[in-house]
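Novice: Below is the structure I would like to discuss, written out as structure tokens.
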Amino acid sequence: MKLGEILLHRKLISRQQLDMALAAQQEQHKKIGEVLLEQNAISEKELAVSLQKQQQFNNAPLHLGEILLHRKKVSPQELDRVLAEQPAVQKRVGELLLDWEMVSEEDLQASLEEQRLRREGLWVIG
């Protein structure tokens with residue numbers, strides 16, 4: 001997850017502040033955190049905590065549903081529906097998502113590969 005997304009999610013900056021910082025970042029060739037600090041949009045402590053959360057998120061082994069949500073391949077409502085039905089049908093989340101045509105085989109395989117790499121500590125954000 002990108003730092004800007006985390007800062008937005010934590011409500012530390014607005015979309016407008018992020019857009020301005022991204023534009024400045026392009027011109028100044030600095031990290032987004034540095035730009036936001038210089039613009040007094042966030043404090044050093046807020047940056048440090050957000051960077052820590054980013055590290056945790058990017059390296060944490062996630063459940064398949066969380067990965068699909070992050071990739072915007074399923075909606076929260078679709079995932080909730082599958083998770084609610086899963087115990088009754090005794091199938092894996094991925095199988096249900098395929099059966100109900102909520103994801104493609106390709107999207108499922110890519111998400112499962114991400115999950116495997118995260119579990120093995122090999123996930124690298126490109």
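Letters for chains follow the order of the structure tokens (A, B, ...), residue numbers begin at 1 for each chain, and ligand numbers begin at 1 in the order shown.
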Could you name the residues that touch stretch 47-53 of chain A at 7 Å or less, counting only C-alpha atoms, but leaving out those on the same chain fewer than 5 positions away, as a PyMOL selection string?
Specialist: chain A and resi 3+6-7+33+42
Novice: May I have a table of the residues of stretch 13-77 of chain A lying at most 10 Å from stretch 98-106 of chain A, giving each one's closest pair of atoms and their distance in Å to one decimal, counting only C-alpha atoms, ordered by chain and ascending residue number, as a Markdown table?
Specialist:
| residue | atom | partner | partner_atom | distance |
| --- | --- | --- | --- | --- |
| A:Leu68 | CA | A:Val103 | CA | 8.8 |
| A:Lys73 | CA | A:Val103 | CA | 6.5 |
| A:Val74 | CA | A:Met102 | CA | 6.8 |
| A:Ser75 | CA | A:Met102 | CA | 9.3 |
Novice: Which distance in Å separates atom CA of A:Ile32 and atom CA of A:Gln54, to one decimal?
Specialist: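 These two atoms are separated by 13.2 Å.
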Novice: As a PyMOL selection string, please: all residues of stretch 7-121 of chain A that backbone DSSP puts in helix (DSSP H, G or I).
Specialist: chain A and resi 7-9+15-28+32-38+44-59+64-70+76-89+93-99+105-119
Novice: For A:Leu18, find every residue with an atom within 12 Å (counting only C-alpha atoms), except residues of its own chain fewer than 6 positions away, and show them as a list of chain:residue names.
Specialist: A:Lys2, A:Leu3, A:Gly4, A:Glu5, A:Ile6, A:Leu7, A:Leu8, A:His9, A:Lys11, A:Leu12, A:Ala24, A:Gln25, A:Ile32, A:Gly33, A:Val35, A:Leu36, A:Leu37, A:Gln39, A:Ala41, A:Ile42
Novice: Those selected residues, please, written with N, CA and C atoms and delivered as a PDB file, in the first residue's frame.
Specialist:
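File written: result_15.pdb
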ATOM      1  N   LYS A   2       0.520   2.216  -0.761  1.00  0.00           N
ATOM      2  CA  LYS A   2       1.310   3.435  -0.861  1.00  0.00           C
ATOM      3  C   LYS A   2       1.104   4.304   0.376  1.00  0.00           C
ATOM      4  N   LEU A   3       2.148   5.060   0.709  1.00  0.00           N
ATOM      5  CA  LEU A   3       2.104   5.906   1.899  1.00  0.00           C
ATOM      6  C   LEU A   3       0.947   6.908   1.829  1.00  0.00           C
ATOM      7  N   GLY A   4       0.729   7.500   0.668  1.00  0.00           N
ATOM      8  CA  GLY A   4      -0.365   8.460   0.525  1.00  0.00           C
ATOM      9  C   GLY A   4      -1.720   7.853   0.849  1.00  0.00           C
ATOM     10  N   GLU A   5      -1.935   6.597   0.437  1.00  0.00           N
ATOM     11  CA  GLU A   5      -3.193   5.901   0.735  1.00  0.00           C
ATOM     12  C   GLU A   5      -3.357   5.709   2.241  1.00  0.00           C
ATOM     13  N   ILE A   6      -2.265   5.381   2.904  1.00  0.00           N
ATOM     14  CA  ILE A   6      -2.317   5.187   4.356  1.00  0.00           C
ATOM     15  C   ILE A   6      -2.638   6.500   5.054  1.00  0.00           C
ATOM     16  N   LEU A   7      -1.992   7.570   4.627  1.00  0.00           N
ATOM     17  CA  LEU A   7      -2.243   8.879   5.240  1.00  0.00           C
ATOM     18  C   LEU A   7      -3.687   9.323   5.011  1.00  0.00           C
ATOM     19  N   LEU A   8      -4.221   9.042   3.826  1.00  0.00           N
ATOM     20  CA  LEU A   8      -5.632   9.359   3.556  1.00  0.00           C
ATOM     21  C   LEU A   8      -6.546   8.518   4.437  1.00  0.00           C
ATOM     22  N   HIS A   9      -6.259   7.228   4.503  1.00  0.00           N
ATOM     23  CA  HIS A   9      -7.084   6.314   5.304  1.00  0.00           C
ATOM     24  C   HIS A   9      -7.081   6.714   6.781  1.00  0.00           C
ATOM     25  N   LYS A  11      -6.840   9.624   7.791  1.00  0.00           N
ATOM     26  CA  LYS A  11      -7.425  10.974   7.815  1.00  0.00           C
ATOM     27  C   LYS A  11      -6.419  12.029   8.312  1.00  0.00           C
ATOM     28  N   LEU A  12      -5.150  11.814   7.952  1.00  0.00           N
ATOM     29  CA  LEU A  12      -4.110  12.766   8.329  1.00  0.00           C
ATOM     30  C   LEU A  12      -3.928  13.836   7.262  1.00  0.00           C
ATOM     31  N   ALA A  24       4.210  18.206  -6.390  1.00  0.00           N
ATOM     32  CA  ALA A  24       5.497  18.732  -5.919  1.00  0.00           C
ATOM     33  C   ALA A  24       6.567  17.643  -5.956  1.00  0.00           C
ATOM     34  N   GLN A  25       6.177  16.421  -5.643  1.00  0.00           N
ATOM     35  CA  GLN A  25       7.113  15.304  -5.650  1.00  0.00           C
ATOM     36  C   GLN A  25       7.708  15.107  -7.042  1.00  0.00           C
ATOM     37  N   ILE A  32       7.446  11.176  -0.994  1.00  0.00           N
ATOM     38  CA  ILE A  32       6.183  11.846  -0.660  1.00  0.00           C
ATOM     39  C   ILE A  32       6.137  12.268   0.806  1.00  0.00           C
ATOM     40  N   GLY A  33       6.699  11.460   1.678  1.00  0.00           N
ATOM     41  CA  GLY A  33       6.737  11.826   3.096  1.00  0.00           C
ATOM     42  C   GLY A  33       7.526  13.097   3.342  1.00  0.00           C
ATOM     43  N   VAL A  35       8.012  15.533   1.194  1.00  0.00           N
ATOM     44  CA  VAL A  35       7.244  16.657   0.651  1.00  0.00           C
ATOM     45  C   VAL A  35       6.152  17.063   1.628  1.00  0.00           C
ATOM     46  N   LEU A  36       5.430  16.101   2.160  1.00  0.00           N
ATOM     47  CA  LEU A  36       4.348  16.415   3.097  1.00  0.00           C
ATOM     48  C   LEU A  36       4.874  17.046   4.385  1.00  0.00           C
ATOM     49  N   LEU A  37       6.041  16.615   4.830  1.00  0.00           N
ATOM     50  CA  LEU A  37       6.665  17.252   5.996  1.00  0.00           C
ATOM     51  C   LEU A  37       7.006  18.704   5.696  1.00  0.00           C
ATOM     52  N   GLN A  39       5.655  20.620   3.594  1.00  0.00           N
ATOM     53  CA  GLN A  39       4.413  21.387   3.440  1.00  0.00           C
ATOM     54  C   GLN A  39       3.648  21.516   4.754  1.00  0.00           C
ATOM     55  N   ALA A  41       2.037  19.358   6.242  1.00  0.00           N
ATOM     56  CA  ALA A  41       0.770  18.635   6.161  1.00  0.00           C
ATOM     57  C   ALA A  41       0.696  17.543   7.226  1.00  0.00           C
ATOM     58  N   ILE A  42       1.866  17.014   7.622  1.00  0.00           N
ATOM     59  CA  ILE A  42       1.938  15.972   8.644  1.00  0.00           C
ATOM     60  C   ILE A  42       3.137  16.248   9.539  1.00  0.00           C
TER      61      ILE A  42
END
Novice: What gap, in Å, lies between atom CA of A:His29 and atom CA of A:Gln55?
Specialist: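 We find that atom CA of A:His29 and atom CA of A:Gln55 lie 21.8 Å from each other.
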Novice: Which of these, A:Ala21, A:Glu34, A:Glu44, A:Leu62, has the shortest distance to A:Glu120 once you count only C-alpha atoms?
Specialist: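 Looking only at the distances to A:Glu120, the closest residue turns out to be A:Leu62.
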Novice: Rank A:Asp80, A:Glu113, A:Glu38, A:Glu27 by their smallest atom-to-atom distance to A:Val93, using only C-alpha atoms, and report the top residue only.
Specialist: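 Smallest separation from A:Val93 among the options: A:Asp80.
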Novice: One number please: atom CA of A:Glu85 to atom CA of A:Leu97, in Å, one decimal.
Specialist: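 Atom CA of A:Glu85 sits 11.0 Å away from atom CA of A:Leu97.
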Novice: Nearest to A:Arg118 among A:Ile13, A:Ala84, A:Met20, A:Ile67, with distances taken over only C-alpha atoms: which residue is it?
Specialist: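 Using only C-alpha atoms, A:Arg118 sits closest to A:Ile67.
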